[in-house]
Amino acid sequence: MRRTTPHSPAFLLAAMLAAPLLAGEIATRAELDAILDDRALLEDFEGLSVHAGTSIPCPNPFSSLTAQPSWGVLDGIEYYAPTNVLYLYGGFLHGDDSVILQTNGTLEITFDQPQRAVGFDIANGTGNATFGESIAFYHNAMPLATITRSIPPAGDTFVAWDEPVGGITSIVITGTTFSPGLQGPIKIDNVAWGYDLPVCRPDITTGAISGQPGYLVPNSVLNNDDFFCFLAEFADQNLEVCDLTTGAVSGQPGYGVPNGTLTNDDFFFFLALFAAGC
Ligand SMILES: [Ca+2]
Ligand SMILES: [Ca+2]
Ligand SMILES: [Ca+2]
């Protein structure tokens, strides 16, 4: 069957250049929940009872693989403190008793799969010191964003990031100011994630010729065949492959969420995926 290419090379180049920036901070837990939808996983660290004001050291790194099964730690995520002890602390969050994961200096969170969006609470359990924290999000070695927060005594803050293209693979939280020369405590709780993205989303095929073996079978290689395969499937109105988003504007509702129709927005979204590489 003869295929038509819907766009000229000049159009494709223009589309590449017009591809929007592809990520944004999520302001509220309600917004994060809306993105994660029914895939949401929530780690509240309540699997172990910890008396208020006391702490229990945990394995470091801490994950479902290293924790006692009875602690009920969720799969797919690891917490690691590279310079200090990691422990579960019986503290307060939003004014209520809560078990909180705590360390000093630096805390690294790593996911088994790239995540569309991730968020969590950071608490300040002290009565008199303001915490300064920096929260850096990564896709593998590539920095995505760094958010800094000042958290007043006995307060808490919510931090979340949306990375629809490529996803978040790790987070590094650093206590920046507590007292001179001392990196501050890091206390996190209610970590939410669960929207796995394929490791290489724009890798959709092995070859570009419909009907050949390997067509629409990803091969862990991203090249022009994937691009031309997308074009062909787009021309054929293949929703399963090509419906990637509702709109083309990062941060708007529906960004990165399929909506059952194919428009230029889906095409731009794929271009952004392709340009981002793997
Ligand atoms: Ca908790
Ligand atoms: Ca491929
Ligand atoms: Ca669409």
# chains A, B, ... in the order shown; residues from 1 in each chain; ligands from 1

$ select_by_dssp --residues "segment 138-272 of chain A" --states "alpha helix (DSSP H)" --output "JSON, numbers by chain"
{"A": [224, 225, 226, 227, 228, 229, 230, 231, 232, 233, 234, 235, 239, 240, 241, 242, 264, 265, 266, 267, 268, 269, 270, 271, 272]}

$ closest_atom_pairs --of "segment 49-110 of chain A" --to "segment 183-206 of chain A" --cutoff "7 Å" --atoms "only C-alpha atoms" --output "tab-separated table"
residue	atom	partner	partner_atom	distance
A:Ile100	CA	A:Asp189	CA	5.3
A:Leu101	CA	A:Ile188	CA	5.4
A:Gln102	CA	A:Lys187	CA	4.4
A:Thr103	CA	A:Ile186	CA	5.4
A:Asn104	CA	A:Pro185	CA	4.3
A:Gly105	CA	A:Gln183	CA	4.9

$ residues_near_ligand --ligand "ligand 1" --cutoff "12 Å" --atoms "only C-alpha atoms and all ligand atoms" --output "JSON, numbers by chain"
{"A": [42, 43, 44, 45, 46, 47, 48, 49, 50, 52, 73, 88, 89, 90, 91, 92, 93, 94, 95, 96, 97, 98, 99, 100, 101, 102, 120, 121, 122, 123, 187, 188, 189, 190, 191, 192]}

$ atom_distance --atom1 "atom CA of Asp112 of chain A" --atom2 "atom CA of Gly207 of chain A"
28.2 Å

$ atom_distance --atom1 "atom CA of Arg116 of chain A" --atom2 "atom CA of Gly167 of chain A"
4.8 Å

$ closest_atom_pairs --of "chain A" --to "ligand 3" --cutoff "12 Å" --atoms "only C-alpha atoms and all ligand atoms" --output "CSV"
residue,atom,partner,partner_atom_place_in_ligand_line,distance
A:Phe234,CA,ligand 3,1 (Ca),10.8
A:Gln237,CA,ligand 3,1 (Ca),10.6
A:Asn238,CA,ligand 3,1 (Ca),10.8
A:Leu239,CA,ligand 3,1 (Ca),7.9
A:Glu240,CA,ligand 3,1 (Ca),10.2
A:Val241,CA,ligand 3,1 (Ca),10.5
A:Cys242,CA,ligand 3,1 (Ca),7.6
A:Asp243,CA,ligand 3,1 (Ca),4.3
A:Leu244,CA,ligand 3,1 (Ca),5.5
A:Thr245,CA,ligand 3,1 (Ca),4.5
A:Thr246,CA,ligand 3,1 (Ca),4.6
A:Gly247,CA,ligand 3,1 (Ca),7.2
A:Ala248,CA,ligand 3,1 (Ca),9.3
A:Gly254,CA,ligand 3,1 (Ca),9.2
A:Tyr255,CA,ligand 3,1 (Ca),9.4
A:Gly256,CA,ligand 3,1 (Ca),8.7
A:Val257,CA,ligand 3,1 (Ca),7.6
A:Pro258,CA,ligand 3,1 (Ca),5.0
A:Asn259,CA,ligand 3,1 (Ca),4.8
A:Gly260,CA,ligand 3,1 (Ca),5.8
A:Thr261,CA,ligand 3,1 (Ca),4.6
A:Leu262,CA,ligand 3,1 (Ca),4.5
A:Thr263,CA,ligand 3,1 (Ca),5.8
A:Asn264,CA,ligand 3,1 (Ca),8.2
A:Asp265,CA,ligand 3,1 (Ca),6.7
A:Asp266,CA,ligand 3,1 (Ca),5.2
A:Phe267,CA,ligand 3,1 (Ca),8.7
A:Phe268,CA,ligand 3,1 (Ca),10.4
A:Phe269,CA,ligand 3,1 (Ca),9.3
A:Phe270,CA,ligand 3,1 (Ca),10.7

$ write_last_selection --atoms "C-alpha atoms" --output "PDB file, in the first residue's frame"
ATOM      1  CA  PHE A 234      -0.116   8.727  12.145  1.00  0.00           C
ATOM      2  CA  GLN A 237      -4.779   7.125  12.230  1.00  0.00           C
ATOM      3  CA  ASN A 238      -3.393   4.423  14.516  1.00  0.00           C
ATOM      4  CA  LEU A 239      -4.635   5.670  17.888  1.00  0.00           C
ATOM      5  CA  GLU A 240      -2.923   2.949  19.873  1.00  0.00           C
ATOM      6  CA  VAL A 241       0.507   4.042  18.712  1.00  0.00           C
ATOM      7  CA  CYS A 242       0.034   7.744  18.001  1.00  0.00           C
ATOM      8  CA  ASP A 243      -2.474   9.129  20.500  1.00  0.00           C
ATOM      9  CA  LEU A 244      -0.046  10.437  23.121  1.00  0.00           C
ATOM     10  CA  THR A 245      -1.580  13.628  24.470  1.00  0.00           C
ATOM     11  CA  THR A 246      -4.619  15.886  24.676  1.00  0.00           C
ATOM     12  CA  GLY A 247      -2.824  19.186  24.196  1.00  0.00           C
ATOM     13  CA  ALA A 248       0.634  20.400  23.284  1.00  0.00           C
ATOM     14  CA  GLY A 254      -4.274  16.560  29.621  1.00  0.00           C
ATOM     15  CA  TYR A 255      -0.681  17.105  28.633  1.00  0.00           C
ATOM     16  CA  GLY A 256       0.785  13.665  28.006  1.00  0.00           C
ATOM     17  CA  VAL A 257      -2.635  12.043  28.488  1.00  0.00           C
ATOM     18  CA  PRO A 258      -4.184  10.322  25.426  1.00  0.00           C
ATOM     19  CA  ASN A 259      -7.667  11.561  24.542  1.00  0.00           C
ATOM     20  CA  GLY A 260      -8.878   9.211  21.829  1.00  0.00           C
ATOM     21  CA  THR A 261      -8.243  11.540  18.905  1.00  0.00           C
ATOM     22  CA  LEU A 262      -5.231  12.263  16.743  1.00  0.00           C
ATOM     23  CA  THR A 263      -4.265  15.874  16.204  1.00  0.00           C
ATOM     24  CA  ASN A 264      -1.100  17.802  15.448  1.00  0.00           C
ATOM     25  CA  ASP A 265      -0.578  17.950  19.208  1.00  0.00           C
ATOM     26  CA  ASP A 266       0.106  14.215  19.215  1.00  0.00           C
ATOM     27  CA  PHE A 267       2.561  14.716  16.392  1.00  0.00           C
ATOM     28  CA  PHE A 268       4.356  17.516  18.280  1.00  0.00           C
ATOM     29  CA  PHE A 269       4.439  15.381  21.390  1.00  0.00           C
ATOM     30  CA  PHE A 270       6.119  12.535  19.518  1.00  0.00           C
TER      31      PHE A 270
END
